[in-house]
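Participant: So that you have it, the file is data_25.tsv, and it contains TSV, C-alpha atoms:
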```tsv
chain	number	residue	atom	x	y	z
A	1	MET	CA	0.00	0.00	0.00
A	2	LYS	CA	2.87	2.33	0.93
A	3	LYS	CA	4.63	1.52	-2.35
A	4	VAL	CA	1.47	2.28	-4.35
A	5	TRP	CA	1.03	5.63	-2.60
A	6	ASN	CA	4.75	6.45	-3.04
A	7	LEU	CA	4.55	5.82	-6.77
A	8	SER	CA	1.13	7.36	-7.37
A	9	TYR	CA	1.88	10.76	-5.82
A	10	LYS	CA	5.01	11.04	-7.97
A	11	ILE	CA	3.18	10.13	-11.17
A	12	LEU	CA	0.40	12.54	-10.25
A	13	GLY	CA	3.00	15.29	-9.69
A	14	ILE	CA	4.64	14.62	-13.07
A	15	VAL	CA	1.29	14.62	-14.89
A	16	LEU	CA	0.03	17.78	-13.20
A	17	VAL	CA	3.25	19.77	-13.70
A	18	GLY	CA	3.52	18.50	-17.29
A	19	PHE	CA	-0.05	19.64	-17.90
A	20	ALA	CA	0.57	23.07	-16.34
A	21	LEU	CA	3.78	23.54	-18.35
A	22	THR	CA	2.31	22.58	-21.74
A	23	TYR	CA	-1.31	23.71	-21.48
A	24	GLY	CA	-0.23	26.89	-19.70
A	25	LEU	CA	1.73	27.90	-22.79
A	26	PHE	CA	-1.10	27.26	-25.24
A	27	VAL	CA	-4.26	28.25	-23.39
A	28	GLN	CA	-6.05	31.36	-24.62
A	29	MET	CA	-5.32	34.08	-22.09
A	30	PRO	CA	-7.63	37.03	-21.44
A	31	TYR	CA	-6.17	40.18	-22.94
A	32	ASN	CA	-4.26	42.41	-20.58
A	33	PRO	CA	-2.43	45.42	-22.07
A	34	ILE	CA	0.23	45.51	-19.34
A	35	TRP	CA	0.91	41.80	-18.88
A	36	GLY	CA	0.55	40.54	-22.45
A	37	GLN	CA	1.76	36.94	-22.82
A	38	SER	CA	3.78	37.23	-19.62
A	39	SER	CA	0.54	36.60	-17.71
A	40	ARG	CA	1.25	32.88	-18.31
A	41	ASN	CA	3.86	33.25	-15.59
A	42	LEU	CA	0.91	33.03	-13.22
A	43	PHE	CA	0.96	29.23	-13.72
A	44	TYR	CA	4.60	28.94	-12.63
A	45	HIS	CA	5.22	31.89	-10.30
A	46	VAL	CA	2.24	31.43	-7.96
A	47	PRO	CA	2.69	27.64	-7.44
A	48	MET	CA	6.21	28.30	-6.11
A	49	TRP	CA	4.80	30.08	-3.05
A	50	PHE	CA	2.24	27.40	-2.30
A	51	SER	CA	4.87	24.69	-2.81
A	52	GLU	CA	7.15	26.58	-0.45
A	53	ILE	CA	4.41	26.67	2.19
A	54	THR	CA	3.85	22.91	1.69
A	55	LEU	CA	7.56	22.20	2.24
A	56	MET	CA	7.76	24.54	5.23
A	57	THR	CA	4.74	22.74	6.71
A	58	ILE	CA	6.58	19.41	6.29
A	59	SER	CA	9.62	21.01	7.93
A	60	VAL	CA	7.72	22.34	10.93
A	61	VAL	CA	5.85	19.04	11.39
A	62	TRP	CA	9.21	17.22	11.64
A	63	SER	CA	10.56	19.90	13.98
A	64	ILE	CA	7.56	19.44	16.28
A	65	THR	CA	7.97	15.65	16.01
A	66	MET	CA	11.59	16.02	17.06
A	67	LEU	CA	10.76	18.12	20.10
A	68	VAL	CA	8.09	15.60	21.12
A	69	ARG	CA	10.51	12.70	20.71
A	70	LEU	CA	13.37	14.33	22.58
A	71	ASP	CA	13.10	11.60	25.08
A	72	PRO	CA	16.34	10.05	26.49
A	73	ASP	CA	15.09	6.53	25.70
A	74	ARG	CA	14.67	7.34	22.04
A	75	LYS	CA	18.08	8.90	21.45
A	76	LYS	CA	19.93	5.66	20.88
A	77	MET	CA	19.98	4.17	17.41
A	78	ASP	CA	17.24	1.65	16.86
A	79	TYR	CA	17.90	-0.66	13.92
A	80	SER	CA	14.26	-1.67	13.79
A	81	GLY	CA	13.64	1.47	11.79
A	82	LYS	CA	12.58	3.96	14.44
A	83	PRO	CA	13.99	7.35	13.37
A	84	THR	CA	16.58	8.93	15.63
A	85	ILE	CA	16.83	12.61	16.60
A	86	GLY	CA	19.46	13.16	13.89
A	87	MET	CA	17.24	11.64	11.20
A	88	ILE	CA	14.20	13.71	12.20
A	89	ASP	CA	16.32	16.87	12.36
A	90	ALA	CA	17.70	16.13	8.88
A	91	LYS	CA	14.17	15.73	7.51
A	92	ALA	CA	13.15	19.12	8.94
A	93	ARG	CA	16.32	20.77	7.59
A	94	ILE	CA	15.98	19.32	4.09
A	95	ALA	CA	12.33	20.38	3.82
A	96	ALA	CA	13.35	23.93	4.82
A	97	GLU	CA	16.19	23.89	2.25
A	98	ILE	CA	13.82	22.94	-0.58
A	99	GLY	CA	11.32	25.51	0.70
A	100	VAL	CA	14.01	28.20	0.51
A	101	LEU	CA	14.88	27.06	-3.02
A	102	LEU	CA	11.21	27.41	-4.06
A	103	ASN	CA	11.03	30.81	-2.35
A	104	SER	CA	14.07	31.95	-4.35
A	105	VAL	CA	12.58	30.68	-7.62
A	106	GLY	CA	9.32	32.47	-6.77
A	107	LEU	CA	11.19	35.71	-6.09
A	108	ILE	CA	13.23	35.46	-9.31
A	109	THR	CA	10.19	34.68	-11.49
A	110	GLY	CA	8.38	37.60	-9.84
A	111	ILE	CA	11.28	40.00	-10.46
A	112	ILE	CA	11.52	38.97	-14.12
A	113	TRP	CA	7.75	39.26	-14.49
A	114	SER	CA	7.65	42.79	-13.06
A	115	ARG	CA	10.68	43.76	-15.17
A	116	VAL	CA	8.91	42.92	-18.46
A	117	THR	CA	5.57	44.44	-17.43
A	118	TRP	CA	5.47	47.35	-14.98
A	119	GLY	CA	9.16	48.12	-15.34
A	120	GLU	CA	9.27	47.67	-19.11
A	121	ASN	CA	10.02	51.31	-19.89
A	122	LEU	CA	12.67	51.72	-17.22
A	123	PRO	CA	16.40	51.32	-17.94
A	124	ASP	CA	18.26	48.27	-16.64
A	125	ASN	CA	20.35	50.34	-14.22
A	126	ASP	CA	17.21	51.65	-12.51
A	127	PHE	CA	16.69	49.65	-9.31
A	128	SER	CA	12.92	50.17	-9.42
A	129	ALA	CA	12.82	48.29	-12.73
A	130	TRP	CA	13.73	45.13	-10.81
A	131	TRP	CA	12.39	45.76	-7.35
A	132	VAL	CA	9.11	47.60	-6.80
A	133	TRP	CA	8.79	47.32	-3.00
A	134	ASP	CA	5.46	45.59	-3.40
A	135	PRO	CA	4.19	44.39	0.05
A	136	ILE	CA	4.17	40.68	-0.85
A	137	GLN	CA	7.57	40.96	-2.57
A	138	VAL	CA	9.05	42.46	0.59
A	139	CYS	CA	7.26	39.88	2.76
A	140	ALA	CA	8.66	37.06	0.59
A	141	LEU	CA	12.16	38.48	1.00
A	142	ILE	CA	11.66	38.75	4.77
A	143	SER	CA	10.53	35.10	4.92
A	144	LEU	CA	13.61	34.11	2.90
A	145	LEU	CA	15.87	35.97	5.34
A	146	ILE	CA	14.10	34.38	8.32
A	147	TYR	CA	14.79	30.91	6.91
A	148	LEU	CA	18.37	31.82	6.04
A	149	GLY	CA	18.62	32.71	9.74
A	150	TYR	CA	17.48	29.16	10.49
A	151	PHE	CA	20.46	27.73	8.60
A	152	LEU	CA	22.81	30.27	10.15
A	153	LEU	CA	21.57	29.29	13.60
A	154	ARG	CA	22.08	25.61	12.81
A	155	SER	CA	25.65	26.19	11.70
A	156	SER	CA	26.52	27.88	14.98
A	157	PHE	CA	26.06	24.70	17.03
A	158	SER	CA	28.33	21.69	16.79
A	159	GLU	CA	26.52	19.40	19.22
A	160	PRO	CA	23.78	17.62	17.18
A	161	GLU	CA	21.11	17.40	19.86
A	162	GLN	CA	21.49	21.00	20.98
A	163	ARG	CA	21.49	22.14	17.36
A	164	GLY	CA	18.39	20.10	16.57
A	165	ARG	CA	16.48	21.29	19.62
A	166	ILE	CA	17.20	24.99	19.15
A	167	ALA	CA	16.69	24.84	15.38
A	168	ALA	CA	13.33	23.10	15.88
A	169	VAL	CA	12.10	25.84	18.22
A	170	TYR	CA	13.31	28.52	15.79
A	171	ASN	CA	11.64	26.67	12.90
A	172	ILE	CA	8.26	26.77	14.66
A	173	PHE	CA	8.52	30.55	15.07
A	174	ALA	CA	9.76	30.94	11.48
A	175	PHE	CA	6.78	29.00	10.20
A	176	ALA	CA	4.41	31.09	12.32
A	177	THR	CA	5.71	34.24	10.60
A	178	LEU	CA	4.72	32.86	7.17
A	179	ILE	CA	1.02	33.28	7.99
A	180	PRO	CA	1.11	37.08	8.54
A	181	LEU	CA	3.79	37.56	5.87
A	182	PHE	CA	1.91	35.78	3.09
A	183	PHE	CA	-1.75	35.99	4.09
A	184	ILE	CA	-2.33	39.00	6.34
A	185	VAL	CA	0.14	41.87	5.67
A	186	PRO	CA	-0.22	41.88	1.83
A	187	LYS	CA	-4.01	42.06	2.16
A	188	MET	CA	-3.75	45.13	4.36
A	189	LEU	CA	-1.54	47.11	1.98
A	190	PRO	CA	-2.10	48.16	-1.62
A	191	GLY	CA	0.17	46.57	-4.21
A	192	LEU	CA	0.59	44.80	-7.53
A	193	HIS	CA	-0.30	41.33	-6.35
A	194	PRO	CA	-3.77	39.83	-6.53
A	195	THR	CA	-3.75	39.25	-2.80
A	196	ALA	CA	-3.72	42.99	-2.31
A	197	GLU	CA	-7.19	44.54	-2.38
A	198	GLN	CA	-6.71	46.57	-5.56
A	199	GLY	CA	-4.99	43.73	-7.37
A	200	SER	CA	-7.75	41.25	-6.63
A	201	GLN	CA	-10.36	43.61	-8.04
A	202	ILE	CA	-8.35	43.95	-11.26
A	203	LEU	CA	-7.71	40.23	-11.52
A	204	ALA	CA	-11.34	39.34	-10.98
A	205	ARG	CA	-12.10	41.03	-14.28
A	206	LYS	CA	-9.02	39.90	-16.18
A	207	TYR	CA	-8.87	36.18	-15.40
A	208	ASP	CA	-11.26	33.46	-16.43
A	209	GLY	CA	-11.94	30.10	-14.81
A	210	ASN	CA	-9.55	28.25	-17.14
A	211	SER	CA	-6.55	30.14	-15.82
A	212	TYR	CA	-7.46	29.42	-12.23
A	213	VAL	CA	-7.76	25.69	-12.97
A	214	ILE	CA	-4.26	25.56	-14.54
A	215	MET	CA	-2.87	27.57	-11.64
A	216	LEU	CA	-4.41	25.14	-9.13
A	217	VAL	CA	-3.07	22.18	-11.13
A	218	GLY	CA	0.38	23.83	-11.01
A	219	ILE	CA	0.11	24.42	-7.26
A	220	VAL	CA	-0.71	20.76	-6.54
A	221	GLY	CA	1.83	19.47	-9.09
A	222	PHE	CA	4.77	21.58	-7.93
A	223	SER	CA	3.95	20.78	-4.29
A	224	LEU	CA	4.05	17.06	-5.08
A	225	LEU	CA	7.36	17.41	-6.96
A	226	GLY	CA	8.80	19.38	-4.04
A	227	THR	CA	7.67	16.61	-1.70
A	228	TRP	CA	9.33	14.06	-3.95
A	229	MET	CA	12.61	16.02	-3.86
A	230	TRP	CA	12.33	16.11	-0.08
A	231	GLU	CA	11.66	12.37	0.10
A	232	VAL	CA	14.74	11.45	-1.96
A	233	ARG	CA	17.05	13.78	-0.07
A	234	SER	CA	15.76	12.84	3.36
A	235	ARG	CA	16.08	9.11	2.60
A	236	LEU	CA	19.70	9.77	1.64
A	237	ALA	CA	20.24	11.69	4.89
A	238	VAL	CA	18.76	8.80	6.87
A	239	VAL	CA	21.14	6.33	5.17
A	240	LYS	CA	24.06	8.63	6.01
A	241	GLU	CA	22.92	8.84	9.61
A	242	ARG	CA	22.63	5.04	9.82
A	243	LEU	CA	26.10	4.62	8.30
A	244	ASP	CA	27.63	7.10	10.78
A	245	GLN	CA	26.00	5.23	13.64
A	246	TYR	CA	27.20	1.89	12.25
A	247	ILE	CA	30.79	3.13	11.96
A	248	SER	CA	30.78	4.60	15.47
A	249	ASP	CA	29.35	1.34	16.89
A	250	LYS	CA	32.01	-0.69	15.08
A	251	THR	CA	34.77	1.61	16.34
A	252	TYR	CA	33.42	1.29	19.88
A	253	GLU	CA	33.36	-2.54	19.58
A	254	LYS	CA	36.99	-2.56	18.39
A	255	GLN	CA	38.04	-0.37	21.28
A	256	LEU	CA	36.37	-2.77	23.71
A	257	GLN	CA	38.14	-5.75	22.13
A	258	ASN	CA	41.51	-4.03	22.42
B	259	MET	CA	-22.19	46.84	-26.39
B	260	ILE	CA	-22.03	44.14	-29.06
B	261	ASN	CA	-19.07	45.93	-30.64
B	262	SER	CA	-17.20	46.11	-27.37
B	263	PHE	CA	-17.93	42.43	-26.75
B	264	PHE	CA	-16.36	41.42	-30.08
B	265	SER	CA	-13.49	43.87	-29.65
B	266	ILE	CA	-12.36	41.84	-26.61
B	267	PHE	CA	-11.90	38.78	-28.82
B	268	LEU	CA	-10.04	40.81	-31.43
B	269	LEU	CA	-7.64	42.14	-28.79
B	270	GLN	CA	-7.10	38.64	-27.45
B	271	GLU	CA	-6.26	37.34	-30.91
B	272	LYS	CA	-3.82	40.20	-31.40
B	273	ALA	CA	-2.12	39.38	-28.13
B	274	GLN	CA	-1.91	35.68	-28.96
B	275	SER	CA	-0.78	36.15	-32.53
B	276	TRP	CA	2.86	37.22	-32.18
B	277	LEU	CA	3.79	34.28	-29.98
B	278	PHE	CA	2.11	31.64	-32.11
B	279	ALA	CA	2.73	33.19	-35.51
B	280	SER	CA	6.49	33.30	-34.98
B	281	GLU	CA	6.39	29.76	-33.57
B	282	LYS	CA	8.49	30.97	-30.65
B	283	VAL	CA	6.16	29.08	-28.39
B	284	ASN	CA	7.41	25.76	-29.81
B	285	ALA	CA	10.99	26.64	-28.92
B	286	VAL	CA	9.91	27.73	-25.43
B	287	LEU	CA	7.96	24.51	-24.95
B	288	ALA	CA	10.87	22.38	-26.20
B	289	VAL	CA	13.31	24.00	-23.76
B	290	VAL	CA	10.85	23.74	-20.86
B	291	LEU	CA	10.15	20.06	-21.59
B	292	VAL	CA	13.85	19.19	-21.92
B	293	ILE	CA	14.50	20.76	-18.50
B	294	PHE	CA	11.43	19.06	-17.01
B	295	VAL	CA	12.25	15.59	-18.40
B	296	GLY	CA	15.88	16.00	-17.29
B	297	PHE	CA	14.80	16.96	-13.79
B	298	ILE	CA	12.35	14.04	-13.49
B	299	SER	CA	15.01	11.60	-14.79
B	300	TYR	CA	17.47	12.96	-12.24
B	301	LEU	CA	14.94	12.39	-9.45
B	302	PHE	CA	14.21	8.83	-10.62
B	303	ILE	CA	17.92	7.96	-10.90
B	304	SER	CA	18.66	9.49	-7.48
B	305	GLN	CA	15.76	7.58	-5.97
B	306	ARG	CA	17.01	4.29	-7.39
B	307	LYS	CA	20.53	4.94	-6.08
B	308	VAL	CA	19.16	5.76	-2.62
B	309	SER	CA	17.13	2.52	-2.65
B	310	GLN	CA	20.32	0.57	-3.43
B	311	LEU	CA	22.15	2.32	-0.60
B	312	GLU	CA	19.30	1.50	1.78
B	313	LYS	CA	19.51	-2.19	0.81
B	314	GLN	CA	23.28	-2.21	1.34
B	315	MET	CA	22.81	-0.55	4.71
B	316	ASP	CA	20.18	-3.14	5.70
B	317	GLN	CA	22.64	-5.92	4.80
B	318	LEU	CA	25.40	-4.29	6.86
B	319	GLU	CA	23.14	-3.93	9.88
B	320	ASN	CA	21.85	-7.50	9.58
B	321	GLU	CA	25.43	-8.82	9.47
B	322	LYS	CA	25.99	-7.06	12.75
```
Would you kindly transcribe this structure into structure tokens?
Facilitator:
Amino acid sequence: MKKVWNLSYKILGIVLVGFALTYGLFVQMPYNPIWGQSSRNLFYHVPMWFSEITLMTISVVWSITMLVRLDPDRKKMDYSGKPTIGMIDAKARIAAEIGVLLNSVGLITGIIWSRVTWGENLPDNDFSAWWVWDPIQVCALISLLIYLGYFLLRSSFSEPEQRGRIAAVYNIFAFATLIPLFFIVPKMLPGLHPTAEQGSQILARKYDGNSYVIMLVGIVGFSLLGTWMWEVRSRLAVVKERLDQYISDKTYEKQLQN
Amino acid sequence: MINSFFSIFLLQEKAQSWLFASEKVNAVLAVVLVIFVGFISYLFISQRKVSQLEKQMDQLENEK
């Protein structure tokens, strides 16, 4: 059953992203004098943020799991397959890393999109051609910096358990900031994005149902692909953790024999 | 009102035309699909390698 689920979510992700990539390029878009054909970026730019939130949710769930399992009896390696603190911490870290990657891709696609639309008539050396201080753009940058702080914090501790514990607590607070940064602050301030009040009024007239469906397909598809990336990398981290434990156990046995 | 209704379709066609007439969209699609297929292949290959490593690790631990 687990194998079927593992395979089916990956195939679903491939199909959905493939559909969003191909159909998104050919679908008839409602005319918009400012956006032109660049409005198709909606199918690739928006899913990045939702995929990021999906990955950050995975990350925070593993961080909470780790704090719950920080029980002295569970710290020792268990070859029966029970994950150790190091494995759980690695899963939380990897999900945050992929989330940061998606955040960066979302920021870059947004910058390019604004450059060819609102900033089209501005010269390349004009900073406002690339960065428009839109509320959600700034909030996305803040969230990126908050998660970069998470990695910085991790790197400042050498003891694995201490690092895992403190990073997990930080991760919970970092995740909590995503809610106001993505869903509350941009709605309170005017801006270019559809989540801002003015933007949503404009979009309501400019977008048809078709576009929303492709965007939703993209959101689910990219989230599933992100989850797949996380699965592969976290499985590798678990193998590495097991190997480290195996080597240290062997070394300990040799020392006892000597 | 009827005129304005049809003018929307005319504007849409105008917007669509340059991309499809020049067939640039085919080149864009080809590049996007090559990247996408490459990425998916990379994930599948990585997954297979990780599965092999897991099996090797299981063997090592069972020997213990």
Participant: Give the answer as one residue: which of A:Ser143, A:Leu21, A:Phe175, A:Phe127 has the shortest atom-to-atom distance to Val289 of chain B, using only C-alpha atoms?
Facilitator: A:Leu21
Participant: Tell me, as a list in words, which residues lie within 12 Å of Gln317 of chain B, counting all atoms listed in the file; anything in the same chain fewer than 6 positions away does not count.
Facilitator: Tyr79, Leu243 and Tyr246 of chain A; Gln310 and Leu311 of chain B
Participant: By how many Å are atom CA of Asn258 of chain A and atom CA of Glu321 of chain B apart?
Facilitator: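 Computed distance, atom CA of Asn258 of chain A to atom CA of Glu321 of chain B, equals 21.2 Å.
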Participant: Identify every residue of chain A that has at least one atom within 8 Å of any atom of chain B, counting all atoms listed in the file, and report the result as a list in words.
Facilitator: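 My answer is Ile14, Gly18, Leu21, Thr22, Leu25, Gln28, Met29, Pro30, Tyr31, Gly36, Gln37, Tyr79, Met229, Val232, Arg235, Leu236, Val239, Arg242, Leu243 and Tyr246 of chain A.
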Participant: Around (14.7, 16.6, 16.1) in the file's own coordinates, what residues are found within 6 Å if you use all atoms listed in the file, given back as an MDAnalysis selection string?
Facilitator: chainID A and resid 63 66:67 85 88:89 164
Participant: Which residue is closest to Leu148 of chain A? Choose from A:Glu241, A:Glu97, A:Asp249, A:Glu52 and count only C-alpha atoms.
Facilitator: A:Glu97
Participant: What's the separation between atom CA of Asn171 of chain A and atom CA of Gly99 of chain A, in Å to one decimal place?
Facilitator: 12.3 Å
